[in-house]
>>> print(open('protein-v2.txt').read())   # compact mmCIF, C-alpha atoms and all ligand atoms
# COMPACT_ATOMS: atom_id res chain seq x y z
CA MET A 56 0.00 0.00 0.00
CA ALA A 57 1.15 3.55 -0.74
CA LYS A 58 2.32 5.72 2.15
CA VAL A 59 -0.08 8.54 2.96
CA TYR A 60 1.28 11.80 4.40
CA TYR A 61 -0.72 13.85 6.90
CA ASN A 62 -0.19 17.16 8.74
CA GLY A 63 2.40 15.68 11.09
CA ASP A 64 4.61 14.59 8.17
CA ALA A 65 4.94 18.11 6.70
CA LYS A 66 6.99 21.01 8.05
CA GLU A 67 5.94 24.60 7.30
CA ALA A 68 9.56 25.66 7.77
CA TYR A 69 10.39 24.64 4.19
CA LEU A 70 8.29 27.54 2.92
CA GLN A 71 9.31 30.05 5.58
CA ASN A 72 11.19 33.13 4.39
CA LYS A 73 10.32 32.21 0.81
CA THR A 74 8.12 34.03 -1.66
CA VAL A 75 5.67 31.87 -3.61
CA ALA A 76 4.44 33.19 -6.97
CA ILE A 77 1.08 31.77 -8.02
CA ILE A 78 0.95 32.13 -11.81
CA GLY A 79 -2.71 32.24 -12.88
CA TYR A 80 -5.75 33.00 -10.74
CA GLY A 81 -8.40 30.63 -12.10
CA SER A 82 -9.90 27.53 -10.53
CA GLN A 83 -6.70 26.27 -8.87
CA GLY A 84 -4.84 29.60 -8.73
CA HIS A 85 -7.28 31.50 -6.54
CA ALA A 86 -7.60 28.54 -4.15
CA HIS A 87 -3.86 28.01 -3.74
CA ALA A 88 -3.14 31.73 -3.33
CA LEU A 89 -5.81 32.26 -0.65
CA ASN A 90 -5.04 29.04 1.26
CA LEU A 91 -1.27 29.64 1.23
CA ARG A 92 -1.74 33.20 2.48
CA GLU A 93 -4.01 32.09 5.29
CA SER A 94 -1.40 29.45 6.21
CA GLY A 95 1.13 32.25 6.70
CA VAL A 96 3.04 31.93 3.43
CA ASN A 97 4.25 35.02 1.56
CA VAL A 98 2.30 34.95 -1.74
CA ILE A 99 2.38 37.10 -4.87
CA VAL A 100 0.27 36.51 -7.97
CA GLY A 101 1.55 36.62 -11.56
CA LEU A 102 -0.90 37.43 -14.39
CA ARG A 103 -1.61 39.33 -17.57
CA PRO A 104 -3.93 42.36 -17.27
CA GLY A 105 -7.60 41.29 -17.30
CA LYS A 106 -10.38 39.74 -15.26
CA SER A 107 -8.20 37.53 -13.09
CA TRP A 108 -5.81 40.39 -12.36
CA ASP A 109 -8.69 42.55 -11.07
CA GLN A 110 -10.05 39.69 -8.95
CA ALA A 111 -6.66 38.93 -7.37
CA GLU A 112 -6.19 42.60 -6.50
CA LYS A 113 -9.69 42.72 -5.03
CA ASP A 114 -8.71 39.73 -2.89
CA GLY A 115 -5.81 41.78 -1.57
CA PHE A 116 -2.86 40.22 -3.40
CA ALA A 117 0.20 41.96 -4.77
CA VAL A 118 -0.27 41.27 -8.49
CA ARG A 119 2.61 41.41 -10.97
CA THR A 120 3.19 40.47 -14.57
CA VAL A 121 4.17 36.84 -14.87
CA ARG A 122 7.77 37.85 -15.55
CA GLU A 123 8.04 40.12 -12.50
CA ALA A 124 6.41 37.55 -10.25
CA ALA A 125 8.81 34.85 -11.45
CA ARG A 126 11.72 37.22 -10.80
CA GLU A 127 10.66 37.97 -7.21
CA ALA A 128 9.76 34.43 -6.23
CA ASP A 129 11.71 31.50 -4.81
CA VAL A 130 8.88 29.09 -5.62
CA VAL A 131 6.95 29.48 -8.89
CA MET A 132 3.66 27.55 -9.07
CA VAL A 133 2.34 27.39 -12.64
CA LEU A 134 -1.48 27.37 -12.57
CA LEU A 135 -2.25 28.42 -16.12
CA PRO A 136 -4.32 26.24 -18.46
CA ASP A 137 -2.02 23.40 -19.57
CA GLU A 138 -2.20 24.36 -23.24
CA HIS A 139 -0.96 27.93 -22.51
CA GLN A 140 1.86 26.95 -20.18
CA PRO A 141 4.69 26.21 -22.67
CA LYS A 142 4.58 29.66 -24.33
CA VAL A 143 4.23 31.66 -21.11
CA TYR A 144 6.94 29.53 -19.49
CA LYS A 145 9.40 30.05 -22.36
CA GLU A 146 8.84 33.79 -22.65
CA GLU A 147 8.24 34.94 -19.08
CA ILE A 148 9.20 32.34 -16.50
CA GLU A 149 12.33 30.58 -17.75
CA PRO A 150 14.36 33.82 -18.19
CA GLU A 151 13.76 34.64 -14.51
CA LEU A 152 14.50 31.27 -12.87
CA LYS A 153 17.53 31.32 -10.59
CA ALA A 154 19.59 28.38 -9.37
CA GLY A 155 17.90 26.72 -6.40
CA ASN A 156 14.41 28.07 -7.20
CA ALA A 157 11.49 25.66 -7.32
CA LEU A 158 9.31 25.27 -10.40
CA VAL A 159 5.99 23.68 -9.45
CA PHE A 160 2.97 22.30 -11.31
CA ALA A 161 -0.47 20.94 -10.44
CA HIS A 162 -0.45 18.48 -13.34
CA GLY A 163 2.50 16.72 -14.97
CA PHE A 164 1.43 16.99 -18.63
CA ASN A 165 3.89 19.59 -19.91
CA ILE A 166 6.94 18.20 -18.13
CA HIS A 167 6.12 14.57 -18.88
CA PHE A 168 5.44 15.22 -22.57
CA ASN A 169 8.45 17.58 -22.92
CA GLN A 170 6.47 20.73 -23.69
CA ILE A 171 8.41 22.42 -20.90
CA VAL A 172 12.08 21.51 -20.44
CA PRO A 173 13.26 23.08 -17.17
CA PRO A 174 16.86 24.14 -16.53
CA LYS A 175 19.00 21.63 -14.63
CA ASP A 176 19.60 23.87 -11.59
CA VAL A 177 16.06 24.24 -10.20
CA ASP A 178 13.84 21.90 -8.19
CA VAL A 179 10.85 20.67 -10.16
CA PHE A 180 7.91 19.03 -8.40
CA LEU A 181 4.17 18.83 -8.50
CA VAL A 182 1.39 19.25 -5.98
CA ALA A 183 -1.79 18.08 -7.65
CA PRO A 184 -5.03 18.40 -5.68
CA LYS A 185 -7.45 15.63 -6.62
CA GLY A 186 -10.39 18.00 -6.88
CA PRO A 187 -11.52 21.26 -8.49
CA GLY A 188 -10.13 24.55 -7.21
CA HIS A 189 -13.34 25.79 -5.63
CA LEU A 190 -13.39 22.66 -3.49
CA VAL A 191 -9.72 23.15 -2.53
CA ARG A 192 -10.76 26.56 -1.27
CA ARG A 193 -14.06 25.66 0.36
CA THR A 194 -12.80 22.61 2.25
CA TYR A 195 -9.83 24.64 3.52
CA THR A 196 -12.12 27.31 4.98
CA GLU A 197 -14.11 24.52 6.64
CA GLY A 198 -10.98 23.20 8.33
CA ALA A 199 -10.61 20.22 6.00
CA GLY A 200 -8.87 19.70 2.66
CA VAL A 201 -8.81 17.94 -0.70
CA PRO A 202 -6.35 15.02 -1.04
CA ALA A 203 -3.37 15.63 -3.32
CA LEU A 204 -0.52 13.91 -5.11
CA ILE A 205 3.08 15.08 -4.88
CA ALA A 206 5.94 14.07 -7.16
CA VAL A 207 9.53 15.18 -7.53
CA TYR A 208 10.99 15.42 -11.04
CA GLN A 209 14.21 17.19 -10.20
CA ASP A 210 15.80 17.74 -6.77
CA VAL A 211 18.82 20.04 -6.76
CA THR A 212 18.42 21.50 -3.26
CA GLY A 213 17.85 18.15 -1.56
CA GLU A 214 14.64 19.66 -0.16
CA ALA A 215 12.23 19.24 -3.06
CA LYS A 216 10.06 16.61 -1.40
CA GLU A 217 9.95 18.45 1.93
CA THR A 218 9.00 21.65 0.12
CA ALA A 219 6.27 19.83 -1.80
CA LEU A 220 4.87 18.48 1.49
CA ALA A 221 5.02 21.94 3.08
CA TYR A 222 3.12 23.35 0.09
CA ALA A 223 0.56 20.54 0.26
CA LYS A 224 0.09 21.29 3.95
CA ALA A 225 -0.36 25.02 3.32
CA ILE A 226 -3.20 24.42 0.84
CA GLY A 227 -4.89 22.02 3.28
CA ALA A 228 -4.12 18.77 1.43
CA THR A 229 -2.28 17.01 4.28
CA ARG A 230 -5.46 17.32 6.35
CA ALA A 231 -7.03 14.87 3.89
CA GLY A 232 -3.99 12.83 2.85
CA VAL A 233 -1.14 13.19 0.36
CA LEU A 234 0.31 10.40 -1.78
CA GLU A 235 3.69 10.41 -3.46
CA THR A 236 3.74 9.55 -7.15
CA THR A 237 5.82 10.30 -10.26
CA PHE A 238 5.13 12.81 -13.06
CA LYS A 239 4.57 9.83 -15.37
CA GLU A 240 2.05 8.14 -13.07
CA GLU A 241 0.19 11.35 -12.22
CA THR A 242 -0.06 12.44 -15.86
CA GLU A 243 -1.08 9.09 -17.32
CA THR A 244 -3.59 8.16 -14.61
CA ASP A 245 -5.12 11.65 -14.61
CA LEU A 246 -5.64 11.53 -18.39
CA PHE A 247 -6.91 7.96 -18.29
CA GLY A 248 -9.32 8.65 -15.43
CA GLU A 249 -10.90 11.66 -17.09
CA GLN A 250 -11.09 10.00 -20.51
CA ALA A 251 -12.23 6.48 -19.70
CA VAL A 252 -14.25 6.93 -16.51
CA LEU A 253 -14.91 10.33 -14.97
CA CYS A 254 -15.69 12.49 -17.98
CA GLY A 255 -15.58 10.58 -21.27
CA GLY A 256 -16.77 7.22 -19.99
CA LEU A 257 -19.54 8.77 -17.94
CA THR A 258 -20.95 11.17 -20.53
CA SER A 259 -20.99 8.39 -23.13
CA LEU A 260 -22.67 5.96 -20.72
CA VAL A 261 -25.32 8.54 -19.80
CA LYS A 262 -26.02 9.43 -23.44
CA ALA A 263 -26.20 5.79 -24.54
CA GLY A 264 -28.70 5.01 -21.78
CA PHE A 265 -30.77 8.10 -22.54
CA GLU A 266 -30.81 7.42 -26.28
CA THR A 267 -31.78 3.77 -25.78
CA LEU A 268 -34.85 4.76 -23.74
CA VAL A 269 -35.89 7.60 -26.05
CA GLU A 270 -35.46 5.51 -29.20
CA ALA A 271 -37.67 2.85 -27.59
CA GLY A 272 -40.43 5.45 -27.25
CA TYR A 273 -40.10 6.52 -23.61
CA GLN A 274 -40.46 10.20 -22.69
CA PRO A 275 -37.17 12.13 -22.84
CA GLU A 276 -37.94 13.79 -19.50
CA VAL A 277 -38.30 10.43 -17.77
CA ALA A 278 -35.13 9.17 -19.48
CA TYR A 279 -33.27 12.29 -18.28
CA PHE A 280 -34.18 11.67 -14.64
CA GLU A 281 -33.27 7.97 -14.82
CA CYS A 282 -29.99 8.28 -16.69
CA LEU A 283 -28.57 11.64 -15.61
CA HIS A 284 -30.27 13.34 -12.68
CA GLU A 285 -30.22 10.32 -10.35
CA LEU A 286 -26.50 9.78 -10.94
CA LYS A 287 -25.59 12.30 -8.29
CA LEU A 288 -27.40 10.39 -5.57
CA ILE A 289 -25.61 7.16 -6.54
CA VAL A 290 -22.20 8.81 -6.82
CA ASP A 291 -22.60 10.43 -3.39
CA LEU A 292 -23.26 6.99 -1.88
CA MET A 293 -20.19 5.53 -3.63
CA TYR A 294 -18.08 8.47 -2.45
CA GLU A 295 -19.14 7.84 1.13
CA GLY A 296 -19.10 4.04 1.23
CA GLY A 297 -17.57 2.60 -1.90
CA LEU A 298 -19.48 0.19 -4.12
CA ALA A 299 -20.75 -1.80 -1.12
CA GLY A 300 -22.02 1.37 0.61
CA MET A 301 -24.00 2.27 -2.49
CA ARG A 302 -25.34 -1.26 -2.90
CA TYR A 303 -26.44 -1.32 0.74
CA SER A 304 -28.72 1.65 0.08
CA ILE A 305 -30.33 0.58 -3.18
CA SER A 306 -33.07 -2.01 -3.47
CA ASP A 307 -32.18 -5.69 -3.89
CA THR A 308 -33.79 -5.53 -7.34
CA ALA A 309 -31.43 -2.73 -8.30
CA GLN A 310 -28.49 -4.62 -6.88
CA TRP A 311 -29.43 -7.81 -8.76
CA GLY A 312 -29.70 -5.77 -11.98
CA ASP A 313 -26.32 -4.21 -11.19
CA PHE A 314 -24.72 -7.67 -10.87
CA ILE A 315 -26.42 -9.22 -13.91
CA SER A 316 -26.52 -6.35 -16.42
CA GLY A 317 -23.60 -4.10 -15.46
CA PRO A 318 -20.96 -6.46 -16.89
CA ARG A 319 -23.05 -6.88 -20.09
CA VAL A 320 -22.93 -3.11 -20.68
CA ILE A 321 -19.34 -2.50 -19.62
CA ASN A 322 -18.09 -5.79 -21.07
CA ALA A 323 -14.74 -7.26 -22.07
CA ALA A 324 -14.81 -5.35 -25.37
CA VAL A 325 -15.15 -2.06 -23.49
CA LYS A 326 -12.20 -2.97 -21.29
CA GLU A 327 -10.16 -3.87 -24.38
CA GLU A 328 -10.93 -0.40 -25.74
CA MET A 329 -9.91 1.14 -22.40
CA LYS A 330 -6.53 -0.56 -22.79
CA LYS A 331 -6.15 1.09 -26.20
CA VAL A 332 -7.07 4.47 -24.72
CA LEU A 333 -4.38 3.92 -22.08
CA GLU A 334 -1.87 2.87 -24.75
CA ASP A 335 -2.56 6.12 -26.68
CA ILE A 336 -1.88 8.06 -23.49
CA GLN A 337 1.31 6.16 -22.66
CA SER A 338 2.70 6.42 -26.19
CA GLY A 339 2.16 10.19 -26.37
CA THR A 340 -0.35 9.81 -29.23
CA PHE A 341 -3.13 11.50 -27.25
CA ALA A 342 -0.82 14.32 -26.11
CA LYS A 343 0.41 14.95 -29.64
CA GLY A 344 -3.14 15.14 -31.00
CA TRP A 345 -4.21 17.62 -28.32
CA ILE A 346 -1.11 19.79 -28.78
CA LEU A 347 -1.63 19.92 -32.58
CA GLU A 348 -5.38 20.56 -32.13
CA ASN A 349 -4.54 23.63 -30.06
CA GLN A 350 -1.97 24.84 -32.58
CA ALA A 351 -4.67 24.58 -35.26
CA ASN A 352 -7.08 26.68 -33.15
CA ARG A 353 -9.26 23.74 -32.04
CA PRO A 354 -11.34 22.96 -35.17
CA VAL A 355 -12.35 19.46 -33.97
CA PHE A 356 -12.84 20.48 -30.33
CA ASN A 357 -15.18 23.31 -31.30
CA ALA A 358 -17.17 21.24 -33.79
CA ILE A 359 -17.77 18.41 -31.32
CA ASN A 360 -18.53 20.85 -28.52
CA LYS A 361 -21.24 22.49 -30.61
CA ARG A 362 -22.77 19.15 -31.58
CA GLU A 363 -22.75 17.94 -27.97
CA ASN A 364 -24.49 21.08 -26.72
CA GLU A 365 -27.32 20.46 -29.20
CA HIS A 366 -27.95 16.87 -28.05
CA LEU A 367 -31.56 16.20 -26.95
CA ILE A 368 -30.40 15.32 -23.42
CA GLU A 369 -29.05 18.85 -23.05
CA GLU A 370 -32.19 20.46 -24.42
CA VAL A 371 -34.41 18.44 -22.07
CA GLY A 372 -32.04 18.97 -19.16
CA ARG A 373 -31.97 22.75 -19.55
CA LYS A 374 -35.79 22.84 -19.34
CA LEU A 375 -36.04 20.47 -16.39
CA ARG A 376 -33.34 22.25 -14.39
CA GLU A 377 -35.21 25.53 -14.90
CA MET A 378 -37.99 23.93 -12.87
CA MET A 379 -35.67 22.69 -10.13
CA PRO A 380 -34.57 25.88 -8.34
CA PHE A 381 -32.34 23.94 -5.90
CA VAL A 382 -30.33 22.54 -8.80
CA LYS A 383 -30.11 25.89 -10.56
CA GLN A 384 -28.90 27.56 -7.39
CA LYS A 385 -26.05 25.08 -7.00
CA GLN A 386 -25.05 25.72 -10.62
CA LYS A 387 -24.82 29.47 -10.05
CA GLU A 388 -22.75 28.96 -6.91
CA ALA A 389 -20.35 26.69 -8.80
CA VAL A 390 -19.81 29.34 -11.45
CA VAL A 391 -19.20 32.07 -8.89
CA THR A 392 -16.92 30.10 -6.60
CA SER A 393 -14.75 28.83 -9.44
CA ALA A 394 -13.77 32.50 -9.85
CA LYS A 395 -13.36 32.28 -13.61
P1 LIG A 401 -8.04 28.00 -15.22
O1 LIG A 401 -8.40 27.92 -16.65
O2 LIG A 401 -9.13 27.96 -14.21
O3 LIG A 401 -7.20 29.33 -14.92
C1 LIG A 401 -6.50 30.01 -15.86
C2 LIG A 401 -5.81 31.23 -15.25
O4 LIG A 401 -4.65 31.47 -16.03
C3 LIG A 401 -6.67 32.47 -15.29
O5 LIG A 401 -6.43 33.23 -14.15
C4 LIG A 401 -6.17 33.18 -16.54
O6 LIG A 401 -6.27 34.59 -16.43
C5 LIG A 401 -4.69 32.81 -16.49
N1 LIG A 401 -4.06 32.87 -17.82
C6 LIG A 401 -4.42 32.21 -18.95
N2 LIG A 401 -3.55 32.50 -19.94
C7 LIG A 401 -2.64 33.36 -19.42
C8 LIG A 401 -1.50 34.02 -19.96
N3 LIG A 401 -1.17 33.85 -21.23
N4 LIG A 401 -0.79 34.82 -19.15
C9 LIG A 401 -1.15 34.99 -17.86
N5 LIG A 401 -2.23 34.40 -17.29
C10 LIG A 401 -2.97 33.60 -18.07
O7 LIG A 401 -6.96 26.83 -14.93
P2 LIG A 401 -7.08 25.64 -13.88
O8 LIG A 401 -7.00 26.19 -12.51
O9 LIG A 401 -8.21 24.73 -14.25
O10 LIG A 401 -5.75 24.80 -14.20
C11 LIG A 401 -4.49 25.22 -13.76
C12 LIG A 401 -3.60 23.99 -13.59
O11 LIG A 401 -4.14 23.19 -12.55
C13 LIG A 401 -3.50 23.08 -14.81
O12 LIG A 401 -2.21 22.58 -14.88
C14 LIG A 401 -4.50 21.99 -14.51
O13 LIG A 401 -4.20 20.76 -15.14
C15 LIG A 401 -4.30 21.86 -13.01
N6 LIG A 401 -5.41 21.24 -12.30
C16 LIG A 401 -6.68 21.71 -12.45
C17 LIG A 401 -7.73 21.16 -11.75
C18 LIG A 401 -9.11 21.73 -11.86
O14 LIG A 401 -10.01 21.15 -11.27
N7 LIG A 401 -9.37 22.83 -12.54
C19 LIG A 401 -7.52 20.01 -10.84
C20 LIG A 401 -6.13 19.67 -10.64
C21 LIG A 401 -5.12 20.25 -11.39
P3 LIG A 401 -7.20 35.50 -17.40
O15 LIG A 401 -8.37 35.92 -16.57
O16 LIG A 401 -6.31 36.63 -17.76
O17 LIG A 401 -7.58 34.65 -18.59
MG MG A 402 -6.88 16.43 -15.71
MG MG A 403 -34.91 3.71 -10.47
>>> encode(input="protein-v2.txt", output="structure tokens", more="lines below")
Ligand code: NDP
Ligand code: MG
Ligand code: MG
Amino acid sequence: MAKVYYNGDAKEAYLQNKTVAIIGYGSQGHAHALNLRESGVNVIVGLRPGKSWDQAEKDGFAVRTVREAAREADVVMVLLPDEHQPKVYKEEIEPELKAGNALVFAHGFNIHFNQIVPPKDVDVFLVAPKGPGHLVRRTYTEGAGVPALIAVYQDVTGEAKETALAYAKAIGATRAGVLETTFKEETETDLFGEQAVLCGGLTSLVKAGFETLVEAGYQPEVAYFECLHELKLIVDLMYEGGLAGMRYSISDTAQWGDFISGPRVINAAVKEEMKKVLEDIQSGTFAKGWILENQANRPVFNAINKRENEHLIEEVGRKLREMMPFVKQKQKEAVVTSAK
């Protein structure tokens, strides 16, 4: 079993007398900056002029250009969208890195796939919360935290891991548990999880179920409740008690159907395809496609996004959620607290 680090395993001292530059003030950026500051760390924020800049100033931070922030800082945490990082890094961060500084990420993609090649004389590590930024912030204010992964890619000071743990503690992650991994493992499992299960697998499963019911003549509204809306209740039970905890709460009929029909839907062929998805991630094929797609201004991404937004399940869902004020309210909160 992997070792899990908690508060007692991390020493704040590794961030004392250091300046941390948070580059970017979006979902992760705002959460890290606020949590670090409230943990007593000296934080500055690096941005381009715009919405995020104004928000960070309103929150009381000293805001600089990315280049100035990188110059002033000992620890530079890069919290820009992954596809923008290589250019900003090359032009504004790399020229300002000094020997012994720490270059930090919340996802290993750009280092692992060589889109950013750091100089040999700086520490490079990651602190990757396993949850969205607004949750990193909210749980911290509630005295808890979101679990995180740490990984060291380059350790020139001999203190990279201790500094990563101190950072994880300052954002609240060691209250929940921190696991050590590698850039390779973090990057590949993160991509696989979101593609095969959490995002891609789930949206395709929901759509296939919805379409099957609608094509068989059932009302789209009923199909929406069965295949999408109720998911949250099931996922909450799994989150709290694993598969068994969920199965304890559902009816025996539902559990029998789970046992008998689940493996027919997610069958050996699906698992074979998952292995191919993983292979594309491991070989760099997925990364290359996404990098080129961005360079081409996202023609495929935008076309699919438009088509997906026009799917009947979205049309029906928009109408039904209008009539469920408690759901709508949550949606608005999510938009506000993600500080985008
Ligand atoms: P967001 O898209 O939420 O934030 C982007 C921020 O970067 C904004 O403040 C934006 O400012 C700023 N920005 C964008 N381009 C530039 C630029 N050229 N120069 C200066 N600032 C710029 O990013 P996330 O928080 O989602 O992701 C950040 C990192 O965290 C990524 O590596 C991601 O993989 C990782 N991560 C994200 C998680 C999540 O749940 N979101 C979970 C775990 C890790 P502006 O207002 O000016 O556009
Ligand atoms: Mg991800
Ligand atoms: Mg039911």
>>> residues_around(input="protein-v2.txt", residues="A:Arg192", least_positions_apart="6", cutoff="12 Å", atoms="all atoms listed in the file", output="number ranges by chain")
A: 81-93, 184, 186, 198-201, 225-228, 392-394
>>> residues_near_ligand(input="protein-v2.txt", ligand="ligand MG 402 (chain A)", cutoff="9 Å", atoms="all atoms listed in the file", output="ChimeraX atom specification")
/A:162,164,242,244-249
>>> closest_residue(input="protein-v2.txt", among="A:Arg103, A:Lys66, A:Lys175, A:Lys113", to="A:Val143", atoms="only C-alpha atoms")
A:Arg103
>>> closest_atom_pairs(input="protein-v2.txt", of="chain A", to="ligand LIG 401 (chain A)", cutoff="7 Å", atoms="only C-alpha atoms and all ligand atoms", output="JSON lines")
{"residue": "A:Ile78", "atom": "CA", "partner": "A:LIG401", "partner_atom": "N5", "distance": 6.7}
{"residue": "A:Gly79", "atom": "CA", "partner": "A:LIG401", "partner_atom": "O4", "distance": 3.8}
{"residue": "A:Tyr80", "atom": "CA", "partner": "A:LIG401", "partner_atom": "O5", "distance": 3.5}
{"residue": "A:Gly81", "atom": "CA", "partner": "A:LIG401", "partner_atom": "O3", "distance": 3.3}
{"residue": "A:Ser82", "atom": "CA", "partner": "A:LIG401", "partner_atom": "O8", "distance": 3.8}
{"residue": "A:Gln83", "atom": "CA", "partner": "A:LIG401", "partner_atom": "O8", "distance": 3.7}
{"residue": "A:Gly84", "atom": "CA", "partner": "A:LIG401", "partner_atom": "O8", "distance": 5.5}
{"residue": "A:Leu102", "atom": "CA", "partner": "A:LIG401", "partner_atom": "C9", "distance": 4.2}
{"residue": "A:Arg103", "atom": "CA", "partner": "A:LIG401", "partner_atom": "C9", "distance": 4.4}
{"residue": "A:Pro104", "atom": "CA", "partner": "A:LIG401", "partner_atom": "O16", "distance": 6.2}
{"residue": "A:Gly105", "atom": "CA", "partner": "A:LIG401", "partner_atom": "O16", "distance": 4.9}
{"residue": "A:Lys106", "atom": "CA", "partner": "A:LIG401", "partner_atom": "O15", "distance": 4.5}
{"residue": "A:Ser107", "atom": "CA", "partner": "A:LIG401", "partner_atom": "O15", "distance": 3.8}
{"residue": "A:Trp108", "atom": "CA", "partner": "A:LIG401", "partner_atom": "O16", "distance": 6.6}
{"residue": "A:Val121", "atom": "CA", "partner": "A:LIG401", "partner_atom": "C9", "distance": 6.4}
{"residue": "A:Val133", "atom": "CA", "partner": "A:LIG401", "partner_atom": "C12", "distance": 6.9}
{"residue": "A:Leu134", "atom": "CA", "partner": "A:LIG401", "partner_atom": "C11", "distance": 3.9}
{"residue": "A:Leu135", "atom": "CA", "partner": "A:LIG401", "partner_atom": "O4", "distance": 3.9}
{"residue": "A:Pro136", "atom": "CA", "partner": "A:LIG401", "partner_atom": "O7", "distance": 4.4}
{"residue": "A:Asp137", "atom": "CA", "partner": "A:LIG401", "partner_atom": "O12", "distance": 4.8}
{"residue": "A:His139", "atom": "CA", "partner": "A:LIG401", "partner_atom": "N2", "distance": 5.8}
{"residue": "A:Val143", "atom": "CA", "partner": "A:LIG401", "partner_atom": "N3", "distance": 5.8}
{"residue": "A:Phe160", "atom": "CA", "partner": "A:LIG401", "partner_atom": "O12", "distance": 6.3}
{"residue": "A:Ala161", "atom": "CA", "partner": "A:LIG401", "partner_atom": "C15", "distance": 4.7}
{"residue": "A:His162", "atom": "CA", "partner": "A:LIG401", "partner_atom": "O12", "distance": 4.7}
{"residue": "A:Ala183", "atom": "CA", "partner": "A:LIG401", "partner_atom": "C21", "distance": 5.5}
{"residue": "A:Pro184", "atom": "CA", "partner": "A:LIG401", "partner_atom": "C20", "distance": 5.2}
{"residue": "A:Lys185", "atom": "CA", "partner": "A:LIG401", "partner_atom": "C20", "distance": 5.9}
{"residue": "A:Gly186", "atom": "CA", "partner": "A:LIG401", "partner_atom": "C19", "distance": 5.3}
{"residue": "A:Pro187", "atom": "CA", "partner": "A:LIG401", "partner_atom": "O14", "distance": 3.2}
{"residue": "A:Gly188", "atom": "CA", "partner": "A:LIG401", "partner_atom": "O14", "distance": 5.3}
{"residue": "A:Lys395", "atom": "CA", "partner": "A:LIG401", "partner_atom": "O2", "distance": 6.1}
>>> residues_near_ligand(input="protein-v2.txt", ligand="ligand MG 403 (chain A)", cutoff="10 Å", atoms="all atoms listed in the file", output="list in words")
Phe280, Glu281, Cys282, Glu285, Ile305, Ser306, Thr308 and Ala309 of chain A
>>> write_last_selection(input="protein-v2.txt", atoms="C-alpha atoms", output="PDB file, in the coordinates of the input")
ATOM      1  CA  PHE A 280     -34.180  11.670 -14.640  1.00  0.00           C
ATOM      2  CA  GLU A 281     -33.270   7.970 -14.820  1.00  0.00           C
ATOM      3  CA  CYS A 282     -29.990   8.280 -16.690  1.00  0.00           C
ATOM      4  CA  GLU A 285     -30.220  10.320 -10.350  1.00  0.00           C
ATOM      5  CA  ILE A 305     -30.330   0.580  -3.180  1.00  0.00           C
ATOM      6  CA  SER A 306     -33.070  -2.010  -3.470  1.00  0.00           C
ATOM      7  CA  THR A 308     -33.790  -5.530  -7.340  1.00  0.00           C
ATOM      8  CA  ALA A 309     -31.430  -2.730  -8.300  1.00  0.00           C
TER       9      ALA A 309
END
>>> closest_residue(input="protein-v2.txt", among="A:Lys326, A:His366, A:Arg230, A:Lys224", to="A:Pro275", atoms="all atoms listed in the file")
A:His366
>>> closest_residue(input="protein-v2.txt", among="A:Ile368, A:Ala342, A:Val382, A:Leu181", to="A:Lys262", atoms="all atoms listed in the file")
A:Ile368
>>> atom_distance(input="protein-v2.txt", atom1="atom CA of A:Val118", atom2="atom CA of A:Val100")
4.8 Å
>>> residues_around(input="protein-v2.txt", residues="A:Glu243", least_positions_apart="4", cutoff="12 Å", atoms="all atoms listed in the file", output="ChimeraX atom specification")
/A:162-165,167-168,236-239,247-251,332-342
>>> closest_residue(input="protein-v2.txt", among="A:Ala125, A:Val211, A:Ala324, A:Val191", to="A:Pro174", atoms="all atoms listed in the file")
A:Val211
>>> atom_distance(input="protein-v2.txt", atom1="atom CA of A:Tyr69", atom2="atom CA of A:Gln110")
28.6 Å
>>> axis_aligned_box(input="protein-v2.txt", around="stretch 163-182 of chain A", padding_each_side="3 Å", output="AutoDock Vina command-line options")
--center_x 10.5 --center_y 19.4 --center_z -14.8 --size_x 24.2 --size_y 15.7 --size_z 23.7
>>> closest_residue(input="protein-v2.txt", among="A:Gly317, A:Glu270, A:Val182, A:Glu276", to="A:Glu235", atoms="all atoms listed in the file")
A:Val182
>>> residues_near_point(input="protein-v2.txt", point="(-4.0, 15.4, 8.7)", cutoff="7 Å", atoms="all atoms listed in the file", output="list in words")
Tyr61, Asn62, Gly63, Thr229, Arg230, Ala231 and Gly232 of chain A
>>> atom_distance(input="protein-v2.txt", atom1="atom CA of A:Pro202", atom2="atom CA of A:Tyr294")
13.5 Å
>>> closest_residue(input="protein-v2.txt", among="A:Gln350, A:Asn357, A:Ser316, A:Gln274", to="A:Val371", atoms="all atoms listed in the file")
A:Gln274
>>> residues_around(input="protein-v2.txt", residues="A:Phe180", least_positions_apart="6", cutoff="8 Å", atoms="all atoms listed in the file", output="list in words")
Ala157, Leu158, Val159, Phe160, Ile205, Ala206, Val207, Tyr208, Gln209, Ala215, Lys216 and Ala219 of chain A
>>> write_last_selection(input="protein-v2.txt", atoms="C-alpha atoms", output="CSV table (one decimal), keeping the file's coordinate frame")
chain,number,residue,atom,x,y,z
A,157,ALA,CA,11.5,25.7,-7.3
A,158,LEU,CA,9.3,25.3,-10.4
A,159,VAL,CA,6.0,23.7,-9.4
A,160,PHE,CA,3.0,22.3,-11.3
A,205,ILE,CA,3.1,15.1,-4.9
A,206,ALA,CA,5.9,14.1,-7.2
A,207,VAL,CA,9.5,15.2,-7.5
A,208,TYR,CA,11.0,15.4,-11.0
A,209,GLN,CA,14.2,17.2,-10.2
A,215,ALA,CA,12.2,19.2,-3.1
A,216,LYS,CA,10.1,16.6,-1.4
A,219,ALA,CA,6.3,19.8,-1.8
